[in-house]
Amino acid sequence: MKIISVHEGVVPISSSIRNAWIDFSSMDCSIVAVVSDVMRDGEPVIGYGFNSNGRYSAGEILRRRMIPRVLDADPQALLDEAGELDPARAWDLMMTNEKPGGHGERSVAVGVMDMALFDLAAKIADKPLYRYLSDKYGDGDPDDSVFVYAAGGYYAPGKTLRNLQDEMRGFLDMGYTVVKMKIGGADLAEDLRRIEAVLEVLDGDGSRLAVDVNGRFDLDTALTYGKAIEPYSLFWYEEVGDPLDYRLNAVLSEHYSGRIATGENLFSLQDARNLIRYGGMRPDRDIIQVDPALSYGLTEYLRVQQMLARHGWSARQCIPHGGHQFSLHIAAALKLGGNESYPGEFQPTGGFADGAVVENSRVGLTETPGIGFEGKAAFYEVLRALHR
């Protein structure tokens, strides 16, 4: 097996929505196509990747460092002892001559390539990614469906409480039972009105509503909001402060008895380990949200899972950020607790296969070899244009 070429580009995923920290008016992401010399039905087998949402495209790092290191390598250096493509060996090559630390856009660039290489490896094996991963890294018996929740509830120009309620009703009509909304982009009184409006749609059941601060709060605000929302018994209180402010998270966990979720902006094994060591996370209830696409890819995410297991964490306490097909396959293969879903945002990259059906907040996997981008028509058209 040999990689013939790698094609890189950018796709916009912009919208008028905002959370407590940023708006998405100029959001984009990197996409890649890794072309192999393996032929199927007269066409080369190609692996595709992209970088999730919430981080901008990383084309400069891809073009100048990551892609050349893969293309310039001895083809044998990318293969395991059985002669099969090994994304972990490609990962080592991409990280050659890279200093430790500084886990930002570099982790995004590596994650894009890592995704494409896993897509390619599963396609060459002629297996859907979740079965390929379960056989290689799991117990060979993957979950046949995955818990998903609908993430929305963003702030937007002119959006009323009625609009917010209608949005959430739409998610319920799609088959979701758990939904998530943004807070922290308004004052406490307004956010409480927004929360209570959504709870009306959920028949007053706070256990079906998660709230997400996107890292906005200082400690005092985190505690004030925590005290105000604790009586609602919410599904979780997410990314309350800066992702690297482990002390804030630890103090919050001493005062807020409900579930805390965080980790989507931690991009390495080392940062995730520091969260477990110093962030006060409680393995009996809290949720780790590391996004494999943003955090150096699945190769690094497997190391994170090993670290969590050593610290007494169940994989079921992991629900990745991102709402994309890659992490859906990973959730099924590694038996995670679920996966985020964005039913209406970040197109064409976000979401699952076009025919995916959500029932009781669970979605099944496709049997298409690889990640299955071929079953997401609008995105597949963009990906194919990279190498046509």
# chains A, B, ... in the order shown; residues from 1 in each chain; ligands from 1

call {"tool": "residues_around", "arguments": {"residues": "region 86-94 of chain A", "least_positions_apart": "3", "cutoff": "12 Å", "atoms": "only C-alpha atoms", "output": "MDAnalysis selection string"}}
result
chainID A and resid 1:3 47 61:83 97:99 106:107 109:122 124:125 133 136 296:303

call {"tool": "residues_around", "arguments": {"residues": "Gly59 (chain A)", "least_positions_apart": "6", "cutoff": "9 Å", "atoms": "only C-alpha atoms", "output": "ChimeraX atom specification"}}
result
/A:8-10,29-31,109

call {"tool": "closest_residue", "arguments": {"among": "A:Arg193, A:Arg282, A:His387, A:Arg316", "to": "Glu254 (chain A)", "atoms": "only C-alpha atoms"}}
result
A:Arg282

call {"tool": "residues_around", "arguments": {"residues": "Gly185 (chain A)", "least_positions_apart": "6", "cutoff": "12 Å", "atoms": "only C-alpha atoms", "output": "list of chain:residue names"}}
result
A:Ile17, A:Arg18, A:Asn19, A:Ala20, A:Trp21, A:Ile22, A:Asp23, A:Gly153, A:Tyr154, A:Tyr155, A:Ala156, A:Asp191, A:Leu192, A:Arg194, A:Val211, A:Asp212, A:Val213, A:Asn214, A:Gly215, A:Arg216, A:Phe217

call {"tool": "closest_residue", "arguments": {"among": "A:Ile183, A:Ile287, A:Ala331, A:Val357", "to": "Val240 (chain A)", "atoms": "only C-alpha atoms"}}
result
A:Ile183

call {"tool": "atom_distance", "arguments": {"atom1": "CA of Ala150 (chain A)", "atom2": "CA of Gln305 (chain A)"}}
result
24.3 Å

call {"tool": "decode", "arguments": {"residues": "region 353-377 of chain A", "atoms": "N, CA, C and O atoms", "output": "PDB file, in the first residue's frame"}}
result
ATOM      1  N   ALA A 353     -24.903  10.409   8.534  1.00  0.00           N
ATOM      2  CA  ALA A 353     -25.327  10.051   7.181  1.00  0.00           C
ATOM      3  C   ALA A 353     -26.724  10.591   6.899  1.00  0.00           C
ATOM      4  O   ALA A 353     -27.553  10.742   7.803  1.00  0.00           O
ATOM      5  N   ASP A 354     -26.980  10.881   5.623  1.00  0.00           N
ATOM      6  CA  ASP A 354     -28.249  11.493   5.244  1.00  0.00           C
ATOM      7  C   ASP A 354     -29.457  10.674   5.690  1.00  0.00           C
ATOM      8  O   ASP A 354     -30.495  11.231   6.025  1.00  0.00           O
ATOM      9  N   GLY A 355     -29.324   9.370   5.695  1.00  0.00           N
ATOM     10  CA  GLY A 355     -30.455   8.533   6.069  1.00  0.00           C
ATOM     11  C   GLY A 355     -30.515   8.165   7.538  1.00  0.00           C
ATOM     12  O   GLY A 355     -31.355   7.355   7.944  1.00  0.00           O
ATOM     13  N   ALA A 356     -29.640   8.754   8.358  1.00  0.00           N
ATOM     14  CA  ALA A 356     -29.596   8.400   9.779  1.00  0.00           C
ATOM     15  C   ALA A 356     -30.915   8.746  10.463  1.00  0.00           C
ATOM     16  O   ALA A 356     -31.485   9.824  10.250  1.00  0.00           O
ATOM     17  N   VAL A 357     -31.394   7.827  11.281  1.00  0.00           N
ATOM     18  CA  VAL A 357     -32.656   8.020  12.003  1.00  0.00           C
ATOM     19  C   VAL A 357     -32.366   7.988  13.501  1.00  0.00           C
ATOM     20  O   VAL A 357     -31.722   7.060  13.996  1.00  0.00           O
ATOM     21  N   VAL A 358     -32.823   9.023  14.205  1.00  0.00           N
ATOM     22  CA  VAL A 358     -32.667   9.093  15.661  1.00  0.00           C
ATOM     23  C   VAL A 358     -33.958   8.615  16.302  1.00  0.00           C
ATOM     24  O   VAL A 358     -35.041   9.122  15.998  1.00  0.00           O
ATOM     25  N   GLU A 359     -33.849   7.636  17.176  1.00  0.00           N
ATOM     26  CA  GLU A 359     -34.995   7.137  17.925  1.00  0.00           C
ATOM     27  C   GLU A 359     -34.641   7.090  19.394  1.00  0.00           C
ATOM     28  O   GLU A 359     -33.655   6.465  19.783  1.00  0.00           O
ATOM     29  N   ASN A 360     -35.434   7.797  20.201  1.00  0.00           N
ATOM     30  CA  ASN A 360     -35.202   7.825  21.642  1.00  0.00           C
ATOM     31  C   ASN A 360     -33.766   8.231  21.948  1.00  0.00           C
ATOM     32  O   ASN A 360     -33.108   7.657  22.805  1.00  0.00           O
ATOM     33  N   SER A 361     -33.278   9.227  21.202  1.00  0.00           N
ATOM     34  CA  SER A 361     -31.926   9.770  21.365  1.00  0.00           C
ATOM     35  C   SER A 361     -30.823   8.742  21.109  1.00  0.00           C
ATOM     36  O   SER A 361     -29.736   8.823  21.680  1.00  0.00           O
ATOM     37  N   ARG A 362     -31.075   7.809  20.226  1.00  0.00           N
ATOM     38  CA  ARG A 362     -30.042   6.869  19.800  1.00  0.00           C
ATOM     39  C   ARG A 362     -30.034   6.798  18.266  1.00  0.00           C
ATOM     40  O   ARG A 362     -31.069   6.927  17.625  1.00  0.00           O
ATOM     41  N   VAL A 363     -28.844   6.601  17.714  1.00  0.00           N
ATOM     42  CA  VAL A 363     -28.700   6.510  16.265  1.00  0.00           C
ATOM     43  C   VAL A 363     -27.809   5.323  15.930  1.00  0.00           C
ATOM     44  O   VAL A 363     -26.853   5.022  16.657  1.00  0.00           O
ATOM     45  N   GLY A 364     -28.132   4.625  14.860  1.00  0.00           N
ATOM     46  CA  GLY A 364     -27.333   3.485  14.433  1.00  0.00           C
ATOM     47  C   GLY A 364     -26.195   3.904  13.519  1.00  0.00           C
ATOM     48  O   GLY A 364     -26.062   5.069  13.140  1.00  0.00           O
ATOM     49  N   LEU A 365     -25.368   2.937  13.164  1.00  0.00           N
ATOM     50  CA  LEU A 365     -24.203   3.166  12.320  1.00  0.00           C
ATOM     51  C   LEU A 365     -24.472   2.656  10.912  1.00  0.00           C
ATOM     52  O   LEU A 365     -25.247   1.718  10.724  1.00  0.00           O
ATOM     53  N   THR A 366     -23.798   3.267   9.937  1.00  0.00           N
ATOM     54  CA  THR A 366     -23.890   2.755   8.573  1.00  0.00           C
ATOM     55  C   THR A 366     -22.885   1.624   8.383  1.00  0.00           C
ATOM     56  O   THR A 366     -21.911   1.505   9.126  1.00  0.00           O
ATOM     57  N   GLU A 367     -23.121   0.814   7.374  1.00  0.00           N
ATOM     58  CA  GLU A 367     -22.200  -0.275   7.046  1.00  0.00           C
ATOM     59  C   GLU A 367     -21.300   0.082   5.861  1.00  0.00           C
ATOM     60  O   GLU A 367     -20.582  -0.778   5.357  1.00  0.00           O
ATOM     61  N   THR A 368     -21.329   1.332   5.443  1.00  0.00           N
ATOM     62  CA  THR A 368     -20.427   1.788   4.381  1.00  0.00           C
ATOM     63  C   THR A 368     -18.989   1.674   4.862  1.00  0.00           C
ATOM     64  O   THR A 368     -18.687   2.084   5.985  1.00  0.00           O
ATOM     65  N   PRO A 369     -18.080   1.133   4.059  1.00  0.00           N
ATOM     66  CA  PRO A 369     -16.681   1.055   4.490  1.00  0.00           C
ATOM     67  C   PRO A 369     -16.121   2.438   4.849  1.00  0.00           C
ATOM     68  O   PRO A 369     -16.455   3.438   4.218  1.00  0.00           O
ATOM     69  N   GLY A 370     -15.273   2.463   5.887  1.00  0.00           N
ATOM     70  CA  GLY A 370     -14.705   3.719   6.345  1.00  0.00           C
ATOM     71  C   GLY A 370     -15.669   4.493   7.218  1.00  0.00           C
ATOM     72  O   GLY A 370     -16.556   3.935   7.864  1.00  0.00           O
ATOM     73  N   ILE A 371     -15.478   5.816   7.252  1.00  0.00           N
ATOM     74  CA  ILE A 371     -16.327   6.677   8.070  1.00  0.00           C
ATOM     75  C   ILE A 371     -17.722   6.802   7.478  1.00  0.00           C
ATOM     76  O   ILE A 371     -18.698   6.986   8.197  1.00  0.00           O
ATOM     77  N   GLY A 372     -17.828   6.717   6.162  1.00  0.00           N
ATOM     78  CA  GLY A 372     -19.131   6.781   5.520  1.00  0.00           C
ATOM     79  C   GLY A 372     -19.515   8.156   5.015  1.00  0.00           C
ATOM     80  O   GLY A 372     -20.708   8.457   4.875  1.00  0.00           O
ATOM     81  N   PHE A 373     -18.521   9.012   4.732  1.00  0.00           N
ATOM     82  CA  PHE A 373     -18.831  10.316   4.161  1.00  0.00           C
ATOM     83  C   PHE A 373     -19.571  10.186   2.826  1.00  0.00           C
ATOM     84  O   PHE A 373     -20.291  11.098   2.417  1.00  0.00           O
ATOM     85  N   GLU A 374     -19.398   9.061   2.166  1.00  0.00           N
ATOM     86  CA  GLU A 374     -20.088   8.834   0.907  1.00  0.00           C
ATOM     87  C   GLU A 374     -21.606   8.849   1.077  1.00  0.00           C
ATOM     88  O   GLU A 374     -22.339   9.078   0.113  1.00  0.00           O
ATOM     89  N   GLY A 375     -22.079   8.603   2.287  1.00  0.00           N
ATOM     90  CA  GLY A 375     -23.511   8.645   2.576  1.00  0.00           C
ATOM     91  C   GLY A 375     -24.001  10.001   3.026  1.00  0.00           C
ATOM     92  O   GLY A 375     -25.138  10.136   3.470  1.00  0.00           O
ATOM     93  N   LYS A 376     -23.144  11.000   2.929  1.00  0.00           N
ATOM     94  CA  LYS A 376     -23.511  12.382   3.275  1.00  0.00           C
ATOM     95  C   LYS A 376     -23.282  13.215   2.014  1.00  0.00           C
ATOM     96  O   LYS A 376     -22.207  13.786   1.796  1.00  0.00           O
ATOM     97  N   ALA A 377     -24.298  13.259   1.168  1.00  0.00           N
ATOM     98  CA  ALA A 377     -24.129  13.652  -0.225  1.00  0.00           C
ATOM     99  C   ALA A 377     -23.515  15.028  -0.422  1.00  0.00           C
ATOM    100  O   ALA A 377     -22.592  15.196  -1.227  1.00  0.00           O
TER     101      ALA A 377
END
